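K.L.:
Compact mmCIF, C-alpha atoms and all ligand atoms, file query_2.txt:
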```txt
# COMPACT_ATOMS: atom_id res chain seq x y z
CA MET A 294 19.35 -52.33 11.01
CA ALA A 295 21.66 -49.78 12.57
CA ARG A 296 24.14 -49.92 15.44
CA ILE A 297 23.28 -47.12 17.80
CA ALA A 298 25.25 -45.67 20.71
CA LEU A 299 23.36 -43.62 23.28
CA LEU A 300 25.73 -41.43 25.24
CA ILE A 301 24.48 -40.74 28.73
CA GLN A 302 25.54 -39.40 32.05
CA LYS A 303 26.14 -42.34 34.40
CA THR A 304 23.67 -42.76 37.25
CA PRO A 305 23.77 -45.35 40.08
CA THR A 306 20.77 -47.24 38.66
CA LEU A 307 18.88 -47.02 35.38
CA GLU A 308 16.61 -44.00 35.37
CA ASP A 309 13.41 -43.36 33.48
CA GLY A 310 13.98 -40.70 30.86
CA ASN A 311 14.95 -40.26 27.26
CA TYR A 312 17.73 -42.85 26.99
CA LEU A 313 15.79 -45.64 28.64
CA ARG A 314 12.68 -45.00 26.56
CA PHE A 315 14.62 -44.49 23.31
CA ALA A 316 16.73 -47.62 23.88
CA ARG A 317 13.53 -49.61 24.34
CA GLU A 318 12.02 -48.23 21.13
CA LEU A 319 15.21 -48.67 19.11
CA ASN A 320 15.46 -52.23 20.34
CA LYS A 321 11.85 -52.89 19.37
CA SER A 322 12.60 -51.65 15.86
CA GLY A 323 15.47 -54.14 15.61
CA HIS A 324 18.42 -51.77 16.06
CA SER A 325 21.26 -52.90 18.29
CA THR A 326 21.78 -50.32 20.98
CA ASP A 327 24.70 -49.70 23.31
CA ILE A 328 24.58 -47.34 26.25
CA LEU A 329 27.84 -45.43 26.68
CA PHE A 330 28.91 -43.25 29.59
CA ILE A 331 29.91 -39.86 28.26
CA ASP A 332 32.29 -39.13 31.12
CA SER A 333 34.31 -42.23 30.23
CA LEU A 334 35.13 -41.01 26.70
CA ARG A 335 38.84 -41.44 26.06
CA LEU A 336 41.44 -42.04 23.41
CA ILE A 337 43.05 -45.50 23.39
CA ALA A 338 45.80 -45.98 20.85
CA GLY A 339 44.27 -43.36 18.61
CA ARG A 340 40.67 -44.65 18.85
CA VAL A 341 37.85 -42.96 20.71
CA THR A 342 36.30 -45.34 23.21
CA ALA A 343 33.96 -45.29 26.21
CA ASP A 344 32.65 -47.69 28.81
CA ALA A 345 29.40 -49.23 27.65
CA PHE A 346 26.82 -51.94 28.06
CA SER A 347 24.44 -53.40 25.52
CA TRP A 348 20.76 -52.67 25.88
CA ARG A 349 18.66 -55.71 26.77
CA SER A 350 14.88 -55.78 26.77
CA HIS A 351 14.59 -56.83 30.43
CA LEU A 352 16.29 -53.61 31.61
CA LYS A 353 14.01 -51.08 33.23
CA SER A 354 13.98 -48.04 35.45
CA GLY A 355 15.51 -48.86 38.85
CA SER A 356 17.54 -51.82 37.53
CA PRO A 357 21.17 -51.79 38.62
CA LEU A 358 23.55 -50.80 35.84
CA PRO A 359 24.74 -53.86 33.91
CA THR A 360 28.48 -54.47 33.91
CA SER A 361 30.17 -52.20 31.42
CA ALA A 362 33.22 -52.77 29.26
CA GLU A 363 35.37 -50.59 27.07
CA CYS A 364 33.82 -50.13 23.66
CA LYS A 365 35.32 -48.66 20.51
CA ILE A 366 32.92 -46.05 19.16
CA ASP A 367 32.24 -46.71 15.51
CA HIS A 368 28.46 -47.01 15.58
CA ASP A 369 26.23 -45.81 12.76
CA VAL A 370 24.50 -43.32 15.04
CA ILE A 371 25.85 -41.67 18.18
CA TRP A 372 22.97 -40.05 20.07
CA ILE A 373 24.12 -37.67 22.78
CA LEU A 374 21.68 -37.73 25.69
CA GLY A 375 23.77 -36.14 28.41
CA LEU A 376 26.84 -33.94 28.65
CA GLY A 377 28.11 -35.23 31.98
CA ASP A 378 30.68 -33.23 33.84
CA ARG A 379 30.76 -29.66 32.52
CA GLU A 380 34.40 -29.02 33.46
CA ASN A 381 35.79 -31.11 30.62
CA PHE A 382 33.06 -30.39 28.07
CA LEU A 383 35.57 -29.10 25.51
CA ASP A 384 37.69 -32.28 25.71
CA LYS A 385 34.64 -34.49 25.22
CA TYR A 386 33.45 -32.31 22.38
CA GLN A 387 36.84 -32.67 20.69
CA LEU A 388 36.83 -36.44 21.26
CA LEU A 389 33.42 -36.61 19.59
CA TYR A 390 34.75 -34.58 16.69
CA ALA A 391 37.50 -37.20 16.38
CA LEU A 392 35.02 -40.04 15.77
CA PRO A 393 35.08 -41.77 12.38
CA GLU A 394 33.31 -39.74 9.72
CA LYS A 395 30.73 -42.44 9.03
CA CYS A 396 29.26 -41.95 12.53
CA LYS A 397 26.19 -39.72 12.44
CA ILE A 398 26.11 -37.63 15.60
CA VAL A 399 22.71 -36.68 16.97
CA ASN A 400 22.49 -33.81 17.53
CA SER A 401 25.31 -32.56 15.34
CA LEU A 402 28.31 -31.05 17.07
CA ASP A 403 27.43 -27.78 15.38
CA ALA A 404 23.93 -27.86 16.88
CA ILE A 405 25.27 -28.79 20.30
CA MET A 406 27.74 -25.95 20.29
CA HIS A 407 25.63 -23.22 18.75
CA LEU A 408 21.89 -23.89 18.95
CA LYS A 409 22.30 -24.43 22.66
CA SER A 410 24.00 -21.06 22.77
CA LYS A 411 21.93 -18.14 23.91
CA TYR A 412 24.33 -15.85 22.01
CA TYR A 413 23.53 -17.44 18.66
CA LEU A 414 19.77 -17.40 19.17
CA ALA A 415 19.73 -13.80 20.32
CA SER A 416 21.79 -12.72 17.33
CA GLN A 417 19.54 -14.40 14.72
CA GLY A 418 16.35 -12.46 15.30
CA ASP A 419 14.90 -13.26 11.85
CA GLN A 420 14.95 -16.98 12.51
CA PHE A 421 14.69 -17.02 16.28
CA PRO A 422 12.68 -14.08 17.65
CA SER A 423 14.42 -13.13 20.89
CA PRO A 424 14.07 -10.34 23.42
CA GLU A 425 16.66 -7.55 23.32
CA THR A 426 19.84 -9.15 24.66
CA TYR A 427 23.29 -8.04 25.82
CA ALA A 428 26.23 -10.09 27.07
CA SER A 429 29.53 -9.00 28.50
CA THR A 430 32.09 -9.79 31.18
CA SER A 431 31.94 -6.17 32.36
CA ALA A 432 29.58 -5.76 35.30
CA GLU A 433 29.76 -1.97 35.00
CA GLU A 434 28.65 -2.04 31.38
CA LEU A 435 25.69 -4.32 32.11
CA ILE A 436 24.65 -2.34 35.18
CA SER A 437 24.67 0.87 33.19
CA ILE A 438 22.43 -0.69 30.50
CA VAL A 439 19.80 -1.58 33.11
CA GLU A 440 20.11 1.79 34.80
CA ALA A 441 19.63 3.63 31.52
CA ASN A 442 16.57 1.63 30.48
CA GLN A 443 13.14 1.40 32.01
CA GLY A 444 11.41 -1.90 32.51
CA LYS A 445 12.30 -5.27 33.90
CA TRP A 446 15.40 -7.23 32.95
CA ILE A 447 16.45 -10.85 33.28
CA VAL A 448 20.08 -11.45 34.24
CA LYS A 449 21.41 -14.95 33.58
CA PRO A 450 24.52 -16.95 32.75
CA PRO A 451 24.72 -17.51 28.95
CA ALA A 452 25.46 -21.20 29.39
CA GLY A 453 23.34 -21.95 32.43
CA SER A 454 20.66 -24.55 32.87
CA LEU A 455 17.75 -25.49 35.10
CA GLY A 456 17.06 -21.84 35.85
CA ARG A 457 20.16 -21.54 38.03
CA ASP A 458 21.27 -17.95 38.63
CA VAL A 459 18.42 -16.45 36.61
CA TYR A 460 17.43 -13.15 38.26
CA LEU A 461 14.77 -10.54 37.65
CA THR A 462 15.81 -6.94 38.18
CA HIS A 463 15.20 -3.33 37.11
CA ALA A 464 16.75 0.16 37.29
CA GLY A 465 16.81 1.31 40.88
CA ASP A 466 16.69 -2.26 42.26
CA SER A 467 18.84 -2.33 45.40
CA GLN A 468 20.04 -5.82 44.36
CA LEU A 469 21.01 -4.88 40.79
CA LYS A 470 24.74 -4.35 41.36
CA VAL A 471 25.11 -7.33 43.68
CA ILE A 472 23.46 -9.68 41.19
CA ILE A 473 25.45 -8.57 38.15
CA LYS A 474 28.78 -8.31 39.97
CA ARG A 475 28.28 -11.73 41.43
CA LEU A 476 27.57 -13.26 38.02
CA CYS A 477 30.48 -11.47 36.31
CA GLY A 478 32.84 -12.48 39.10
CA ALA A 479 35.17 -10.35 41.22
CA ASP A 480 37.66 -10.00 38.35
CA ASN A 481 35.01 -9.53 35.59
CA SER A 482 35.98 -12.83 33.97
CA ARG A 483 32.58 -14.48 33.53
CA TYR A 484 30.15 -13.66 30.78
CA THR A 485 26.73 -12.55 31.93
CA MET A 486 23.63 -12.07 29.85
CA LEU A 487 21.04 -9.37 30.16
CA GLN A 488 17.69 -9.77 28.48
CA ARG A 489 14.49 -7.75 28.39
CA TYR A 490 11.92 -9.46 30.59
CA LEU A 491 9.02 -10.85 28.56
CA PRO A 492 5.80 -10.18 30.49
CA GLU A 493 4.01 -12.78 28.29
CA ILE A 494 5.78 -15.43 30.37
CA GLU A 495 3.20 -14.82 33.09
CA GLN A 496 0.78 -16.88 30.94
CA GLY A 497 3.36 -19.67 30.96
CA GLU A 498 6.07 -21.07 28.72
CA LYS A 499 5.49 -23.95 26.33
CA ARG A 500 8.03 -26.73 25.99
CA VAL A 501 7.64 -28.06 22.46
CA LEU A 502 9.41 -31.25 21.40
CA LEU A 503 10.65 -31.29 17.81
CA ALA A 504 12.10 -34.36 16.11
CA GLY A 505 13.21 -35.04 12.55
CA GLY A 506 11.81 -31.68 11.43
CA ARG A 507 8.35 -32.29 12.94
CA VAL A 508 6.40 -31.09 15.94
CA ILE A 509 5.98 -34.04 18.31
CA GLY A 510 4.24 -32.70 21.40
CA GLN A 511 4.15 -29.97 24.03
CA TYR A 512 3.18 -29.00 27.55
CA LEU A 513 2.88 -25.75 29.47
CA ARG A 514 4.87 -24.60 32.50
CA ARG A 515 3.70 -21.82 34.79
CA SER A 516 5.98 -20.30 37.39
CA ALA A 517 5.10 -20.79 41.03
CA GLY A 518 6.95 -18.82 43.64
CA ASP A 519 9.30 -16.77 41.47
CA HIS A 520 9.79 -15.57 37.90
CA ARG A 521 11.27 -18.81 36.53
CA THR A 522 9.26 -21.44 34.68
CA ASN A 523 11.80 -24.24 35.13
CA ILE A 524 10.37 -27.38 36.73
CA THR A 525 13.44 -27.45 38.96
CA ALA A 526 12.38 -23.99 40.18
CA GLY A 527 8.97 -25.35 41.19
CA ALA A 528 6.99 -24.47 38.04
CA LYS A 529 3.65 -26.20 37.56
CA THR A 530 3.02 -28.24 34.43
CA GLU A 531 -0.19 -28.54 32.43
CA PRO A 532 -1.22 -30.21 29.19
CA CYS A 533 -1.72 -27.66 26.40
CA ASP A 534 -2.36 -27.29 22.71
CA LEU A 535 -0.53 -25.14 20.22
CA SER A 536 -2.47 -22.33 18.58
CA VAL A 537 -2.50 -22.32 14.78
CA PRO A 538 0.24 -19.65 14.57
CA GLU A 539 2.29 -21.43 17.23
CA ARG A 540 2.09 -24.73 15.35
CA HIS A 541 3.01 -23.03 12.09
CA TYR A 542 5.98 -21.33 13.77
CA CYS A 543 7.16 -24.55 15.47
CA THR A 544 6.94 -26.51 12.23
CA LYS A 545 9.14 -23.93 10.54
CA LEU A 546 11.49 -23.95 13.53
CA ALA A 547 11.71 -27.76 13.43
CA GLN A 548 12.92 -27.54 9.82
CA GLN A 549 15.33 -24.69 10.57
CA ILE A 550 17.01 -26.48 13.43
CA LEU A 551 17.06 -29.75 11.51
CA SER A 552 19.10 -28.01 8.84
CA LYS A 553 21.70 -27.41 11.57
CA GLY A 554 21.65 -31.05 12.61
CA ALA A 555 19.22 -30.86 15.54
CA TRP A 556 17.23 -34.07 15.02
CA PHE A 557 15.72 -33.93 18.47
CA ALA A 558 15.21 -30.76 20.50
CA GLY A 559 12.96 -29.15 23.07
CA VAL A 560 12.23 -25.49 22.46
CA ASP A 561 10.92 -23.14 25.10
CA LEU A 562 8.38 -20.85 23.55
CA VAL A 563 6.65 -17.72 24.79
CA TYR A 564 5.04 -17.06 21.45
CA PRO A 565 6.27 -15.29 19.40
CA TRP A 566 9.47 -15.38 21.43
CA LEU A 567 11.94 -18.19 21.70
CA ILE A 568 13.58 -18.47 25.10
CA GLU A 569 15.78 -21.46 24.52
CA VAL A 570 16.57 -24.44 22.29
CA ASN A 571 17.52 -27.50 24.32
CA VAL A 572 19.53 -29.84 22.15
CA ILE A 573 21.05 -32.13 24.76
CA ASN A 574 18.64 -34.56 26.29
CA PRO A 575 15.64 -32.22 26.37
CA GLY A 576 13.03 -33.13 28.93
CA GLY A 577 9.35 -33.41 28.12
CA ILE A 578 8.58 -37.02 27.27
CA THR A 579 8.04 -38.18 30.84
CA THR A 580 6.13 -35.00 31.77
CA ILE A 581 3.83 -35.30 28.74
CA HIS A 582 3.34 -38.98 29.56
CA GLU A 583 2.32 -38.10 33.12
CA LEU A 584 0.04 -35.26 32.00
CA THR A 585 -1.68 -36.94 29.07
CA GLY A 586 -1.01 -40.68 29.34
CA CYS A 587 0.71 -40.51 25.96
CA ASP A 588 4.28 -41.77 25.59
CA LEU A 589 5.85 -39.92 22.68
CA SER A 590 9.13 -41.83 22.67
CA GLU A 591 8.13 -44.09 19.78
CA LYS A 592 7.15 -41.04 17.73
CA VAL A 593 10.48 -39.32 18.49
CA VAL A 594 12.56 -42.37 17.61
CA GLU A 595 10.64 -42.96 14.41
CA ALA A 596 10.96 -39.29 13.37
CA VAL A 597 14.69 -39.17 14.14
CA MET A 598 15.54 -42.47 12.47
CA THR A 599 13.48 -41.70 9.35
CA SER A 600 15.08 -38.31 9.02
CA LEU A 601 18.59 -39.75 9.59
CA ASP A 602 18.02 -42.15 6.70
CA HIS A 603 17.82 -39.13 4.41
CA ALA A 604 20.71 -37.24 6.02
N1 LIG A 701 13.82 -12.78 28.73
C1 LIG A 701 13.08 -13.43 29.63
N2 LIG A 701 11.85 -12.96 29.99
C2 LIG A 701 11.07 -13.58 30.90
N3 LIG A 701 11.46 -14.70 31.54
C3 LIG A 701 12.68 -15.22 31.24
C4 LIG A 701 13.54 -14.63 30.26
N4 LIG A 701 14.68 -15.36 30.18
C5 LIG A 701 14.53 -16.38 31.05
N5 LIG A 701 13.34 -16.29 31.70
C6 LIG A 701 12.80 -17.22 32.70
O1 LIG A 701 13.87 -17.89 33.31
C7 LIG A 701 13.83 -19.29 32.97
C8 LIG A 701 15.22 -19.82 32.75
O2 LIG A 701 15.85 -19.11 31.70
P1 LIG A 701 16.60 -19.86 30.52
O3 LIG A 701 17.14 -18.84 29.61
O4 LIG A 701 15.72 -20.88 29.92
O5 LIG A 701 17.81 -20.54 31.30
P2 LIG A 701 18.06 -22.06 31.75
O6 LIG A 701 18.99 -22.56 30.69
O7 LIG A 701 18.69 -21.94 33.09
O8 LIG A 701 16.74 -22.78 31.75
C9 LIG A 701 12.97 -19.35 31.73
O9 LIG A 701 12.38 -20.62 31.59
C10 LIG A 701 11.96 -18.28 32.02
O10 LIG A 701 10.99 -18.72 32.96
MG MG A 702 15.44 -22.93 30.20
```
Show me this structure written as structure tokens.
Ligand SMILES: Nc1ncnc2c1ncn2[C@@H]1O[C@H](COP(=O)(O)OP(=O)(O)O)[C@@H](O)[C@H]1O
Ligand SMILES: [Mg+2]
P.N.:
Amino acid sequence: MARIALLIQKTPTLEDGNYLRFARELNKSGHSTDILFIDSLRLIAGRVTADAFSWRSHLKSGSPLPTSAECKIDHDVIWILGLGDRENFLDKYQLLYALPEKCKIVNSLDAIMHLKSKYYLASQGDQFPSPETYASTSAEELISIVEANQGKWIVKPPAGSLGRDVYLTHAGDSQLKVIIKRLCGADNSRYTMLQRYLPEIEQGEKRVLLAGGRVIGQYLRRSAGDHRTNITAGAKTEPCDLSVPERHYCTKLAQQILSKGAWFAGVDLVYPWLIEVNVINPGGITTIHELTGCDLSEKVVEAVMTSLDHA
């Protein structure tokens, strides 16, 4: 049986979500599981440590956090389920890179850095069909691209999340310059991404959970109120199936991202287009549970652990 560390963002009480459900399943399968707070990662006398508590079966959503203590990180599997504070992401990333080699990191540091990246996806059209995409720190350059091209455009931060600062615009839009200049910053120091708007999104976007190279489950999000299909932007969720081509595509995708070390991911699909690959604590399990009554956490844990055995 393995020693597993789940790295999470600290919350005042235990919250229902991936880490709680996965800890429960791992525990059931006989693995010993520690919960570590990612924002407490540090180096003590040359060893990477973090504050942690051991998972116990009586713990549930709403329980107060058990007392934590400093824990040397040398587990068999380190499963990252939260990035914590974004400001010091690079330091934490480098601390994780400094872990002993025997530790298997889920998802791999390569996957976390690059599959999450909208630059990488948009530049690998053969593997990840993406809408026409540009990124630059120059507001003038991006504005001129929109002005020279008909149709609708999405403007967004390349490393955003939750639909924050995702705008819909077009040539002649009175807000175009304001939006792009605001995202690039007064001194043109922030990267901003410009992407052709996919009208297919009006039929909704599917969140598909992939684990250990397999398709695990999915649900549909439809925007309500504006152009974004993020739940945090008010999108409505529905159960859905995958069409035969969608399932075929997602199965291939699951294998492709697994080869980069993404054992567990949530992809956002507007078939045939891929909007995003979420490799850090992707949501979906609780939503699918609410929508269908089916808790997929056991399936995810089983798929990840089986696949890790062969890694
Ligand atoms: N090219 C696009 N065409 C149509 N809608 C888009 C496009 N890019 C993003 N969106 C909409 O904006 C939402 C948020 O964009 P996304 O790239 O996923 O950023 P975030 O990381 O903030 O979720 C998407 O879920 C989708 O609804
Ligand atoms: Mg998204």
K.L.:
Using all atoms listed in the file, find the one residue out of A:Met598, A:Leu551, A:Val459, A:Leu469 that sits nearest to ligand MG 702 (chain A).
P.N.:
A:Val459
K.L.:
Please identify all polymer residues within 10 Å of Met486 (chain A), counting all atoms listed in the file, omitting same-chain residues fewer than 3 positions from it, and present them as a list in words.
P.N.:
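Using all atoms listed in the file, the neighbours found are Lys411, Tyr412, Thr426, Tyr427, Ala428, Ser429, Thr430, Leu435, Ile447, Val448, Lys449, Pro450, Pro451, Ala452, Val459, Ile473, Leu476, Cys477 and Arg483 of chain A.
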K.L.:
Which centre and edge lengths in Å to one decimal define the box along x, y and z that fits every listed atom of ligand LIG 701 (chain A) plus 4 Å per side, as JSON?
P.N.:
```
{"center_x": 15.0, "center_y": -17.8, "center_z": 31.0, "size_x": 16.0, "size_y": 18.0, "size_z": 12.6}
```
K.L.:
How close does each residue of chain A get to ligand LIG 701 (chain A), giving the shortest atom pair and distance in Å to one decimal for every residue with an atom at most 10 Å away, counting all atoms listed in the file, sorted by chain and residue number, as a tab-separated table?
P.N.:
```
residue	atom	partner	partner_atom	distance
A:Lys409	CA	A:LIG701	O6	8.9
A:Ser410	CA	A:LIG701	O6	9.5
A:Lys411	CA	A:LIG701	O3	7.5
A:Ser423	CA	A:LIG701	N1	7.9
A:Pro424	CA	A:LIG701	N1	5.8
A:Glu425	CA	A:LIG701	N1	8.0
A:Thr426	CA	A:LIG701	N1	8.1
A:Lys445	CA	A:LIG701	N2	8.6
A:Trp446	CA	A:LIG701	N1	7.1
A:Ile447	CA	A:LIG701	C1	5.6
A:Val448	CA	A:LIG701	N4	7.8
A:Lys449	CA	A:LIG701	O3	7.0
A:Pro450	CA	A:LIG701	O7	7.7
A:Pro451	CA	A:LIG701	O3	7.7
A:Ala452	CA	A:LIG701	O6	6.7
A:Gly453	CA	A:LIG701	O7	4.7
A:Ser454	CA	A:LIG701	O7	3.3
A:Leu455	CA	A:LIG701	O7	4.2
A:Gly456	CA	A:LIG701	O7	3.2
A:Arg457	CA	A:LIG701	O7	5.2
A:Asp458	CA	A:LIG701	O7	7.3
A:Val459	CA	A:LIG701	O1	5.8
A:Tyr460	CA	A:LIG701	O1	7.7
A:Leu461	CA	A:LIG701	N3	8.1
A:Met486	CA	A:LIG701	O3	9.4
A:Leu487	CA	A:LIG701	N1	8.1
A:Gln488	CA	A:LIG701	N1	4.9
A:Arg489	CA	A:LIG701	N1	5.1
A:Tyr490	CA	A:LIG701	N2	3.6
A:Leu491	CA	A:LIG701	N2	3.8
A:Pro492	CA	A:LIG701	C2	6.3
A:Glu493	CA	A:LIG701	C2	7.6
A:Ile494	CA	A:LIG701	C2	5.6
A:Glu495	CA	A:LIG701	C2	8.3
A:Gly497	CA	A:LIG701	O10	7.9
A:Glu498	CA	A:LIG701	O10	6.9
A:Lys499	CA	A:LIG701	O9	9.3
A:Arg500	CA	A:LIG701	O9	9.4
A:Arg514	CA	A:LIG701	O10	8.5
A:Arg515	CA	A:LIG701	O10	8.1
A:Ser516	CA	A:LIG701	O10	6.9
A:Asp519	CA	A:LIG701	O10	8.9
A:His520	CA	A:LIG701	O10	6.0
A:Arg521	CA	A:LIG701	O10	3.6
A:Thr522	CA	A:LIG701	O10	3.7
A:Asn523	CA	A:LIG701	O9	5.1
A:Ile524	CA	A:LIG701	O9	8.7
A:Thr525	CA	A:LIG701	O8	9.2
A:Ala526	CA	A:LIG701	C7	8.7
A:Ala528	CA	A:LIG701	O10	8.7
A:Val560	CA	A:LIG701	O4	9.4
A:Asp561	CA	A:LIG701	O9	7.1
A:Leu562	CA	A:LIG701	O9	9.0
A:Val563	CA	A:LIG701	C2	8.6
A:Trp566	CA	A:LIG701	N1	8.9
A:Leu567	CA	A:LIG701	N1	9.1
A:Ile568	CA	A:LIG701	O3	5.8
A:Glu569	CA	A:LIG701	O4	5.4
A:Val570	CA	A:LIG701	O4	8.5
A:Asn571	CA	A:LIG701	O6	8.2
```
K.L.:
For each of A:Leu402, A:Ser361, A:Gln387, A:Gly510, take the minimum atom-to-atom distance to Ile581 (chain A), counting all atoms listed in the file, then give the residue where this is smallest.
P.N.:
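Using all atoms listed in the file, the shortest distance to Ile581 (chain A) belongs to A:Gly510.
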K.L.:
Please indicate the distance in Å from CA of Val597 (chain A) to CA of Phe557 (chain A), rounded to one decimal place.
P.N.:
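Distance between the two atoms: 6.9 Å.
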K.L.:
May I have the residues within 7 Å of Glu531 (chain A) as an NGL selection string, using all atoms listed in the file and disregarding those fewer than 2 positions away in the same chain?
P.N.:
:A and (512-514 or 529 or 533 or 584)
K.L.:
Any idea what the distance is between CA of Asn320 (chain A) and CA of Ile297 (chain A)?
P.N.:
9.7 Å
K.L.:
Which is closer to ligand MG 702 (chain A) than all the others in A:Val572, A:Ile578, A:Ile550, A:Leu299, using all atoms listed in the file?
P.N.:
A:Val572
K.L.:
How about completing region 406-419 of chain A with N, CA and C atoms and giving it to me as an mmCIF file, in the coordinates of the input?
P.N.:
```
data_model
loop_
_atom_site.group_PDB
_atom_site.id
_atom_site.type_symbol
_atom_site.label_atom_id
_atom_site.label_comp_id
_atom_site.auth_asym_id
_atom_site.auth_seq_id
_atom_site.Cartn_x
_atom_site.Cartn_y
_atom_site.Cartn_z
ATOM 1 N N MET A 406 26.952 -27.122 19.901
ATOM 2 C CA MET A 406 27.740 -25.950 20.290
ATOM 3 C C MET A 406 26.943 -24.658 20.130
ATOM 4 N N HIS A 407 26.167 -24.544 19.049
ATOM 5 C CA HIS A 407 25.630 -23.220 18.750
ATOM 6 C C HIS A 407 24.127 -23.042 18.934
ATOM 7 N N LEU A 408 23.334 -24.089 18.721
ATOM 8 C CA LEU A 408 21.890 -23.890 18.950
ATOM 9 C C LEU A 408 21.600 -23.798 20.435
ATOM 10 N N LYS A 409 22.423 -24.480 21.199
ATOM 11 C CA LYS A 409 22.300 -24.430 22.660
ATOM 12 C C LYS A 409 22.687 -23.040 23.175
ATOM 13 N N SER A 410 23.418 -22.323 22.320
ATOM 14 C CA SER A 410 24.000 -21.060 22.770
ATOM 15 C C SER A 410 22.981 -19.926 22.738
ATOM 16 N N LYS A 411 22.863 -19.266 23.851
ATOM 17 C CA LYS A 411 21.930 -18.140 23.910
ATOM 18 C C LYS A 411 22.474 -16.937 23.116
ATOM 19 N N TYR A 412 23.772 -16.919 22.842
ATOM 20 C CA TYR A 412 24.330 -15.850 22.010
ATOM 21 C C TYR A 412 23.806 -15.986 20.579
ATOM 22 N N TYR A 413 23.912 -17.217 20.066
ATOM 23 C CA TYR A 413 23.530 -17.440 18.660
ATOM 24 C C TYR A 413 22.056 -17.116 18.449
ATOM 25 N N LEU A 414 21.211 -17.637 19.333
ATOM 26 C CA LEU A 414 19.770 -17.400 19.170
ATOM 27 C C LEU A 414 19.471 -15.907 19.169
ATOM 28 N N ALA A 415 20.056 -15.217 20.160
ATOM 29 C CA ALA A 415 19.730 -13.800 20.320
ATOM 30 C C ALA A 415 20.272 -12.950 19.173
ATOM 31 N N SER A 416 21.212 -13.515 18.419
ATOM 32 C CA SER A 416 21.790 -12.720 17.330
ATOM 33 C C SER A 416 21.139 -13.035 15.985
ATOM 34 N N GLN A 417 20.186 -13.985 15.980
ATOM 35 C CA GLN A 417 19.540 -14.400 14.720
ATOM 36 C C GLN A 417 18.041 -14.118 14.809
ATOM 37 N N GLY A 418 17.735 -12.850 15.058
ATOM 38 C CA GLY A 418 16.350 -12.460 15.300
ATOM 39 C C GLY A 418 15.361 -12.861 14.201
ATOM 40 N N ASP A 419 15.830 -12.920 12.937
ATOM 41 C CA ASP A 419 14.900 -13.260 11.850
ATOM 42 C C ASP A 419 14.395 -14.688 11.983
#
```
